[in-house]
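Undergrad: Next up, structure_22.cif (mmCIF, C-alpha atoms).
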```cif
data_protein
loop_
_atom_site.label_atom_id
_atom_site.label_comp_id
_atom_site.auth_asym_id
_atom_site.auth_seq_id
_atom_site.Cartn_x
_atom_site.Cartn_y
_atom_site.Cartn_z
CA MET I 1 7.39 13.15 9.96
CA GLU I 2 6.35 10.52 12.48
CA ILE I 3 6.35 6.72 12.15
CA GLU I 4 3.65 4.73 13.92
CA ARG I 5 3.36 0.96 14.12
CA TRP I 6 -0.23 -0.13 14.67
CA GLY I 7 0.54 -3.86 14.73
CA HIS I 8 -2.07 -6.39 13.64
CA ILE I 9 -5.16 -4.19 13.69
CA PRO I 10 -8.74 -4.68 12.45
CA TYR I 11 -9.22 -2.83 9.19
CA SER I 12 -12.23 -0.83 10.41
CA LYS I 13 -10.26 0.53 13.36
CA ALA I 14 -7.30 1.48 11.16
CA HIS I 15 -9.58 3.13 8.60
CA GLU I 16 -11.31 5.31 11.19
CA ARG I 17 -7.96 6.28 12.71
CA GLN I 18 -6.61 7.21 9.27
CA LYS I 19 -9.58 9.48 8.59
CA ARG I 20 -9.07 11.22 11.94
CA TYR I 21 -5.36 11.69 11.29
CA VAL I 22 -6.02 13.13 7.81
CA GLY I 23 -8.33 15.76 9.29
CA GLU I 24 -5.83 16.65 11.99
CA ILE I 25 -2.91 16.88 9.53
CA ALA I 26 -4.93 19.05 7.15
CA ALA I 27 -5.83 21.36 10.05
CA GLY I 28 -2.21 21.58 11.21
CA HIS I 29 -2.91 19.75 14.49
CA ARG I 30 -0.77 16.69 13.72
CA ILE I 31 2.51 16.23 11.88
CA GLU I 32 2.66 14.03 8.79
CA THR I 33 2.57 10.36 9.73
CA VAL I 34 3.58 7.09 8.10
CA VAL I 35 1.90 3.98 9.50
CA LEU I 36 3.01 0.35 9.27
CA CYS I 37 0.57 -2.42 10.14
CA SER I 38 -1.20 -5.58 9.00
CA HIS I 39 -4.84 -6.65 9.06
CA PRO I 40 -6.90 -9.79 9.60
CA PRO I 41 -8.25 -11.09 6.26
CA VAL I 42 -10.43 -8.43 4.66
CA VAL I 43 -11.33 -7.12 1.20
CA THR I 44 -11.55 -3.40 0.57
CA LEU I 45 -13.49 -2.04 -2.39
CA GLY I 46 -12.16 1.10 -4.07
CA LYS I 47 -14.14 3.55 -6.19
CA GLN I 48 -13.74 1.49 -9.38
CA SER I 49 -14.91 -1.80 -7.86
CA THR I 50 -17.69 -3.81 -9.49
CA ASP I 51 -19.78 -6.78 -8.41
CA GLU I 52 -17.54 -9.05 -10.50
CA ASP I 53 -14.60 -8.25 -8.23
CA LEU I 54 -16.15 -10.41 -5.49
CA ALA I 55 -16.35 -13.71 -7.33
CA GLY I 56 -16.61 -15.90 -4.26
CA TRP I 57 -15.45 -13.93 -1.22
CA SER I 58 -17.60 -14.46 1.88
CA GLY I 59 -15.47 -12.64 4.45
CA GLU I 60 -15.34 -9.09 5.74
CA THR I 61 -15.56 -6.28 3.17
CA HIS I 62 -15.32 -2.49 3.35
CA SER I 63 -16.14 0.11 0.71
CA VAL I 64 -13.54 2.87 0.97
CA GLU I 65 -12.68 6.19 -0.62
CA ARG I 66 -9.41 5.21 -2.29
CA GLY I 67 -9.01 4.72 -6.01
CA GLY I 68 -8.75 1.32 -7.63
CA LYS I 69 -10.76 -1.87 -7.38
CA ALA I 70 -10.97 -4.76 -4.89
CA THR I 71 -7.89 -5.43 -2.77
CA TYR I 72 -7.21 -8.16 -0.24
CA HIS I 73 -5.45 -7.41 3.05
CA GLY I 74 -4.16 -10.12 5.34
CA PRO I 75 -1.65 -10.90 8.08
CA GLY I 76 1.02 -11.90 5.53
CA GLN I 77 1.35 -8.35 4.20
CA ILE I 78 3.25 -5.25 5.17
CA VAL I 79 0.69 -2.47 4.88
CA CYS I 80 1.95 1.11 4.76
CA TYR I 81 -0.27 4.19 5.08
CA PRO I 82 1.60 7.47 4.45
CA MET I 83 -0.46 10.49 5.47
CA ILE I 84 1.42 13.40 3.96
CA LYS I 85 0.61 16.80 2.42
CA LEU I 86 1.16 16.69 -1.32
CA ASP I 87 0.92 20.48 -1.63
CA ASN I 88 4.07 20.79 0.50
CA ARG I 89 5.91 18.92 -2.23
CA GLY I 90 4.43 20.43 -5.38
CA CYS I 91 3.53 16.84 -6.16
CA GLY I 92 0.62 15.44 -8.13
CA ILE I 93 -1.10 12.13 -7.48
CA GLY I 94 0.68 10.42 -10.41
CA GLU I 95 4.09 11.43 -9.05
CA TYR I 96 3.09 10.23 -5.59
CA LEU I 97 1.95 6.83 -6.89
CA ALA I 98 5.25 6.50 -8.77
CA ALA I 99 7.13 7.28 -5.54
CA LEU I 100 5.28 4.50 -3.68
CA GLU I 101 6.09 2.06 -6.49
CA ARG I 102 9.76 3.07 -6.44
CA ALA I 103 9.98 2.52 -2.68
CA VAL I 104 8.67 -1.04 -3.11
CA ILE I 105 10.97 -1.70 -6.08
CA GLU I 106 14.00 -0.56 -4.06
CA THR I 107 12.87 -2.68 -1.10
CA LEU I 108 12.56 -5.80 -3.25
CA ALA I 109 16.01 -5.16 -4.73
CA HIS I 110 17.49 -5.80 -1.26
CA TYR I 111 16.33 -9.40 -1.74
CA GLY I 112 17.68 -9.71 -5.27
CA VAL I 113 14.21 -9.39 -6.78
CA LYS I 114 13.86 -7.31 -9.95
CA SER I 115 10.48 -5.65 -10.32
CA PHE I 116 8.66 -2.88 -12.15
CA GLY I 117 5.80 -0.46 -11.61
CA ASN I 118 3.24 1.19 -13.82
CA LYS I 119 4.69 1.80 -17.28
CA GLU I 120 1.60 3.77 -18.36
CA ARG I 121 1.06 6.50 -15.79
CA LYS I 122 -2.06 7.66 -17.62
CA ASN I 123 -3.65 4.27 -16.89
CA PRO I 124 -4.04 4.12 -13.07
CA ALA I 125 -5.39 0.55 -13.32
CA LEU I 126 -1.76 -0.55 -13.85
CA THR I 127 -0.56 0.97 -10.59
CA GLY I 128 1.38 -1.51 -8.42
CA VAL I 129 4.60 -3.51 -8.46
CA TRP I 130 5.21 -6.72 -10.42
CA GLU I 131 8.07 -9.21 -10.32
CA GLU I 132 10.04 -8.98 -13.54
CA ARG I 133 10.65 -12.71 -14.06
CA SER I 134 7.14 -14.11 -13.51
CA GLY I 135 5.11 -10.99 -14.24
CA LYS I 136 3.13 -11.59 -11.04
CA LYS I 137 2.06 -8.80 -8.73
CA LEU I 138 3.90 -8.32 -5.42
CA ALA I 139 2.37 -5.09 -4.16
CA SER I 140 -0.97 -3.31 -4.53
CA ILE I 141 -1.22 0.47 -4.31
CA GLY I 142 -4.29 2.65 -3.92
CA VAL I 143 -4.61 6.09 -2.38
CA ALA I 144 -7.09 8.78 -1.45
CA VAL I 145 -6.39 12.50 -1.17
CA LYS I 146 -8.46 14.93 0.90
CA ARG I 147 -7.45 18.58 1.31
CA TRP I 148 -4.13 17.54 -0.26
CA VAL I 149 -3.46 14.99 2.51
CA THR I 150 -2.96 11.40 1.39
CA SER I 151 -4.36 8.25 3.00
CA HIS I 152 -4.43 4.52 2.26
CA GLY I 153 -1.21 3.49 0.48
CA LEU I 154 0.47 0.18 -0.30
CA ALA I 155 0.32 -3.48 0.64
CA LEU I 156 3.42 -5.61 0.02
CA ASN I 157 2.75 -9.35 -0.07
CA LEU I 158 5.39 -10.69 2.29
CA ASP I 159 4.49 -14.22 3.45
CA LEU I 160 3.32 -17.16 1.38
CA ASP I 161 -0.44 -17.54 1.98
CA PRO I 162 -2.19 -19.94 -0.43
CA LEU I 163 -5.63 -18.66 0.66
CA ALA I 164 -4.86 -14.98 0.07
CA PHE I 165 -6.82 -13.36 -2.79
CA GLN I 166 -9.10 -16.38 -3.23
CA GLY I 167 -12.68 -15.43 -4.03
CA ILE I 168 -11.90 -11.99 -5.45
CA ARG I 169 -10.45 -10.38 -8.56
CA PRO I 170 -7.63 -8.38 -6.92
CA CYS I 171 -7.24 -5.04 -8.69
CA GLY I 172 -9.26 -6.55 -11.54
CA TYR I 173 -6.86 -9.49 -12.09
CA GLU I 174 -7.29 -13.21 -11.46
CA ALA I 175 -6.14 -14.41 -8.02
CA ASN I 176 -3.23 -16.36 -9.54
CA ALA I 177 -1.78 -13.09 -10.86
CA MET I 178 -0.60 -12.35 -7.31
CA THR I 179 2.51 -13.61 -5.53
CA SER I 180 4.55 -12.91 -2.40
CA LEU I 181 8.18 -12.15 -1.64
CA GLU I 182 8.51 -15.42 0.26
CA ALA I 183 7.17 -17.38 -2.72
CA VAL I 184 9.57 -15.63 -5.09
CA ILE I 185 12.79 -16.13 -3.11
CA GLN I 186 11.69 -19.37 -1.39
CA LYS I 187 12.81 -18.09 1.99
CA LYS I 188 11.13 -16.74 5.13
CA ILE I 189 11.35 -12.97 5.43
CA ASP I 190 12.06 -11.07 8.63
CA ARG I 191 9.20 -8.57 8.79
CA GLY I 192 11.10 -6.02 10.87
CA ILE I 193 14.04 -5.93 8.48
CA CYS I 194 11.77 -5.65 5.45
CA GLU I 195 9.87 -2.79 7.09
CA ARG I 196 13.16 -0.95 7.69
CA HIS I 197 14.13 -1.39 4.04
CA LEU I 198 10.74 -0.01 3.01
CA LEU I 199 10.99 3.03 5.27
CA ASP I 200 14.59 3.69 4.19
CA SER I 201 13.43 3.68 0.57
CA LEU I 202 10.23 5.62 1.19
CA PHE I 203 11.44 8.54 3.29
CA PRO I 204 13.79 10.16 0.73
CA LEU I 205 10.97 10.04 -1.81
CA LEU I 206 8.54 11.76 0.58
CA GLN I 207 10.79 14.61 1.66
CA GLN I 208 9.33 18.08 1.23
CA LYS I 209 10.76 20.15 -1.58
CA GLU I 210 12.76 23.24 -0.70
CA GLN I 211 10.67 26.39 -0.85
CA ALA I 212 11.85 28.86 -3.51
#
```
Turn this file's structure into structure tokens for me.
TA:
Amino acid sequence: MEIERWGHIPYSKAHERQKRYVGEIAAGHRIETVVLCSHPPVVTLGKQSTDEDLAGWSGETHSVERGGKATYHGPGQIVCYPMIKLDNRGCGIGEYLAALERAVIETLAHYGVKSFGNKERKNPALTGVWEERSGKKLASIGVAVKRWVTSHGLALNLDLDPLAFQGIRPCGYEANAMTSLEAVIQKKIDRGICERHLLDSLFPLLQQKEQA
């Protein structure tokens, strides 16, 4: 599995690159890849999005093939796009979403933050990670699967950004339902260190199962 860091990249460029990688991985022309990046402010609209999700947003938007509703991406997030083959793991989408949640929960624990994921796996609208104390959402998760190869992934709200999520209903919630790691612990976060924690938590969960 390969790690790529795309830096601060326009969403449209990252989206097109993801789609190309998915095709190449499915065809066996590229090894599985996990991407870390961030984006300029943008709202992406998943398959369950409605007009009400854009209550007052006037910036860039993209309709995409992932599940879920409207999601904000901005420079204060760590965005992670794992492109892996689920059929190599005997893994369903629900198990994969739970693995992404667990990786975020373990990452937040490094900062003394207790959090939880979806407690009702049959209700995908509850996918994500919430801080236990405040009940506010720290990470949004939405994926797509094509030919058993995943794309899209997770966005962890790292830096305090008072303008983030304004003008939309993120994942169907009010904007004030969201928070960031910096806001929770009242301390600036080193992005590089947090990314390492996330990868360290994510990789064991994404390992291929032994073939019988």
Undergrad: Would you translate the PyMOL selection byres ((chain I and resi 35) around 7) into the concrete set of residues it matches in this file, as a ChimeraX atom specification?
TA: /I:3-6,33-34,36-37,80-82
Undergrad: Excluding same-chain residues fewer than 6 positions from I:Gln18, what lies within 9 Å of it counting all atoms listed in the file, as a tab-separated table (two decimals) with C-alpha atoms, in the frame of the given file?
TA:
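Result file around35.tsv:
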```
chain	number	residue	atom	x	y	z
I	81	TYR	CA	-0.27	4.19	5.08
I	83	MET	CA	-0.46	10.49	5.47
I	151	SER	CA	-4.36	8.25	3.00
I	152	HIS	CA	-4.43	4.52	2.26
```
Undergrad: Using all atoms listed in the file, which protein or nucleic acid residues come within 12 Å of I:Asp159? Drop anything in the same chain fewer than 4 positions from it, and give the result as a list of chain:residue names.
TA: I:Ser38, I:Gly74, I:Pro75, I:Gly76, I:Gln77, I:Ile78, I:Leu138, I:Ala155, I:Leu163, I:Ala164, I:Thr179, I:Ser180, I:Leu181, I:Glu182, I:Ala183, I:Val184, I:Ile185, I:Gln186, I:Lys187, I:Lys188, I:Ile189, I:Asp190, I:Arg191, I:Cys194
Undergrad: What gap, in Å, lies between atom CA of I:Glu195 and atom CA of I:Thr107?
TA: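 Atom CA of I:Glu195 sits 8.7 Å away from atom CA of I:Thr107.
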Undergrad: Using the chain letters and numbers from the file, which residues does the PyMOL selection byres ((chain I and resi 202) around 12) grab, as a ChimeraX atom specification?
TA: /I:1,3,34-35,80-82,96-107,153-154,195-201,203-207
Undergrad: Can you work out the spacing between atom CA of I:Arg17 and atom CA of I:Asn157 in Å, to one decimal?
TA: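 So the two atoms, atom CA of I:Arg17 and atom CA of I:Asn157, lie 22.9 Å apart.
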Undergrad: Once the PyMOL selection byres ((chain I and resi 119) around 12) has been applied to the shown file, what residues remain in the selection, as a PyMOL selection string?
TA: chain I and resi 94+97-98+101+115-118+120-130
Undergrad: Complete the atoms of stretch 182-208 of chain I to N, CA and C atoms and put them out as a PDB file, keeping the file's coordinate frame.
TA:
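Final file, selection00.pdb:
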```pdb
ATOM      1  N   GLU I 182       8.068 -14.103  -0.211  1.00  0.00           N
ATOM      2  CA  GLU I 182       8.510 -15.420   0.260  1.00  0.00           C
ATOM      3  C   GLU I 182       8.409 -16.461  -0.854  1.00  0.00           C
ATOM      4  N   ALA I 183       7.330 -16.415  -1.628  1.00  0.00           N
ATOM      5  CA  ALA I 183       7.170 -17.380  -2.720  1.00  0.00           C
ATOM      6  C   ALA I 183       8.231 -17.179  -3.793  1.00  0.00           C
ATOM      7  N   VAL I 184       8.605 -15.919  -4.037  1.00  0.00           N
ATOM      8  CA  VAL I 184       9.570 -15.630  -5.090  1.00  0.00           C
ATOM      9  C   VAL I 184      10.973 -16.093  -4.714  1.00  0.00           C
ATOM     10  N   ILE I 185      11.396 -15.800  -3.486  1.00  0.00           N
ATOM     11  CA  ILE I 185      12.790 -16.130  -3.110  1.00  0.00           C
ATOM     12  C   ILE I 185      12.893 -17.445  -2.348  1.00  0.00           C
ATOM     13  N   GLN I 186      11.715 -18.066  -2.066  1.00  0.00           N
ATOM     14  CA  GLN I 186      11.690 -19.370  -1.390  1.00  0.00           C
ATOM     15  C   GLN I 186      12.439 -19.324  -0.059  1.00  0.00           C
ATOM     16  N   LYS I 187      12.130 -18.289   0.714  1.00  0.00           N
ATOM     17  CA  LYS I 187      12.810 -18.090   1.990  1.00  0.00           C
ATOM     18  C   LYS I 187      11.927 -17.233   2.889  1.00  0.00           C
ATOM     19  N   LYS I 188      11.892 -17.551   4.191  1.00  0.00           N
ATOM     20  CA  LYS I 188      11.130 -16.740   5.130  1.00  0.00           C
ATOM     21  C   LYS I 188      11.763 -15.349   5.240  1.00  0.00           C
ATOM     22  N   ILE I 189      10.912 -14.357   5.380  1.00  0.00           N
ATOM     23  CA  ILE I 189      11.350 -12.970   5.430  1.00  0.00           C
ATOM     24  C   ILE I 189      11.168 -12.432   6.841  1.00  0.00           C
ATOM     25  N   ASP I 190      12.185 -11.750   7.344  1.00  0.00           N
ATOM     26  CA  ASP I 190      12.060 -11.070   8.630  1.00  0.00           C
ATOM     27  C   ASP I 190      11.266  -9.780   8.415  1.00  0.00           C
ATOM     28  N   ARG I 191      10.084  -9.709   9.007  1.00  0.00           N
ATOM     29  CA  ARG I 191       9.200  -8.570   8.790  1.00  0.00           C
ATOM     30  C   ARG I 191       9.856  -7.253   9.212  1.00  0.00           C
ATOM     31  N   GLY I 192      10.493  -7.246  10.368  1.00  0.00           N
ATOM     32  CA  GLY I 192      11.100  -6.020  10.870  1.00  0.00           C
ATOM     33  C   GLY I 192      12.163  -5.476   9.933  1.00  0.00           C
ATOM     34  N   ILE I 193      12.991  -6.362   9.405  1.00  0.00           N
ATOM     35  CA  ILE I 193      14.040  -5.930   8.480  1.00  0.00           C
ATOM     36  C   ILE I 193      13.434  -5.405   7.189  1.00  0.00           C
ATOM     37  N   CYS I 194      12.417  -6.094   6.683  1.00  0.00           N
ATOM     38  CA  CYS I 194      11.770  -5.650   5.450  1.00  0.00           C
ATOM     39  C   CYS I 194      11.094  -4.292   5.646  1.00  0.00           C
ATOM     40  N   GLU I 195      10.479  -4.083   6.797  1.00  0.00           N
ATOM     41  CA  GLU I 195       9.870  -2.790   7.090  1.00  0.00           C
ATOM     42  C   GLU I 195      10.911  -1.679   7.108  1.00  0.00           C
ATOM     43  N   ARG I 196      12.096  -1.963   7.658  1.00  0.00           N
ATOM     44  CA  ARG I 196      13.160  -0.950   7.690  1.00  0.00           C
ATOM     45  C   ARG I 196      13.622  -0.618   6.275  1.00  0.00           C
ATOM     46  N   HIS I 197      13.757  -1.648   5.434  1.00  0.00           N
ATOM     47  CA  HIS I 197      14.130  -1.390   4.040  1.00  0.00           C
ATOM     48  C   HIS I 197      13.088  -0.493   3.365  1.00  0.00           C
ATOM     49  N   LEU I 198      11.811  -0.782   3.628  1.00  0.00           N
ATOM     50  CA  LEU I 198      10.740  -0.010   3.010  1.00  0.00           C
ATOM     51  C   LEU I 198      10.783   1.447   3.469  1.00  0.00           C
ATOM     52  N   LEU I 199      10.934   1.665   4.755  1.00  0.00           N
ATOM     53  CA  LEU I 199      10.990   3.030   5.270  1.00  0.00           C
ATOM     54  C   LEU I 199      12.222   3.766   4.746  1.00  0.00           C
ATOM     55  N   ASP I 200      13.366   3.072   4.700  1.00  0.00           N
ATOM     56  CA  ASP I 200      14.590   3.690   4.190  1.00  0.00           C
ATOM     57  C   ASP I 200      14.427   4.121   2.724  1.00  0.00           C
ATOM     58  N   SER I 201      13.669   3.341   1.977  1.00  0.00           N
ATOM     59  CA  SER I 201      13.430   3.680   0.570  1.00  0.00           C
ATOM     60  C   SER I 201      12.363   4.756   0.423  1.00  0.00           C
ATOM     61  N   LEU I 202      11.377   4.732   1.309  1.00  0.00           N
ATOM     62  CA  LEU I 202      10.230   5.620   1.190  1.00  0.00           C
ATOM     63  C   LEU I 202      10.545   7.051   1.616  1.00  0.00           C
ATOM     64  N   PHE I 203      11.282   7.211   2.711  1.00  0.00           N
ATOM     65  CA  PHE I 203      11.440   8.540   3.290  1.00  0.00           C
ATOM     66  C   PHE I 203      12.123   9.535   2.355  1.00  0.00           C
ATOM     67  N   PRO I 204      13.199   9.171   1.654  1.00  0.00           N
ATOM     68  CA  PRO I 204      13.790  10.160   0.730  1.00  0.00           C
ATOM     69  C   PRO I 204      12.827  10.593  -0.359  1.00  0.00           C
ATOM     70  N   LEU I 205      11.919   9.712  -0.758  1.00  0.00           N
ATOM     71  CA  LEU I 205      10.970  10.040  -1.810  1.00  0.00           C
ATOM     72  C   LEU I 205       9.839  10.934  -1.324  1.00  0.00           C
ATOM     73  N   LEU I 206       9.628  10.972   0.010  1.00  0.00           N
ATOM     74  CA  LEU I 206       8.540  11.760   0.580  1.00  0.00           C
ATOM     75  C   LEU I 206       9.000  13.083   1.160  1.00  0.00           C
ATOM     76  N   GLN I 207      10.290  13.377   1.076  1.00  0.00           N
ATOM     77  CA  GLN I 207      10.790  14.610   1.660  1.00  0.00           C
ATOM     78  C   GLN I 207      10.165  15.826   0.979  1.00  0.00           C
ATOM     79  N   GLN I 208       9.895  16.851   1.771  1.00  0.00           N
ATOM     80  CA  GLN I 208       9.330  18.080   1.230  1.00  0.00           C
ATOM     81  C   GLN I 208      10.350  18.791   0.365  1.00  0.00           C
TER      82      GLN I 208
END
```
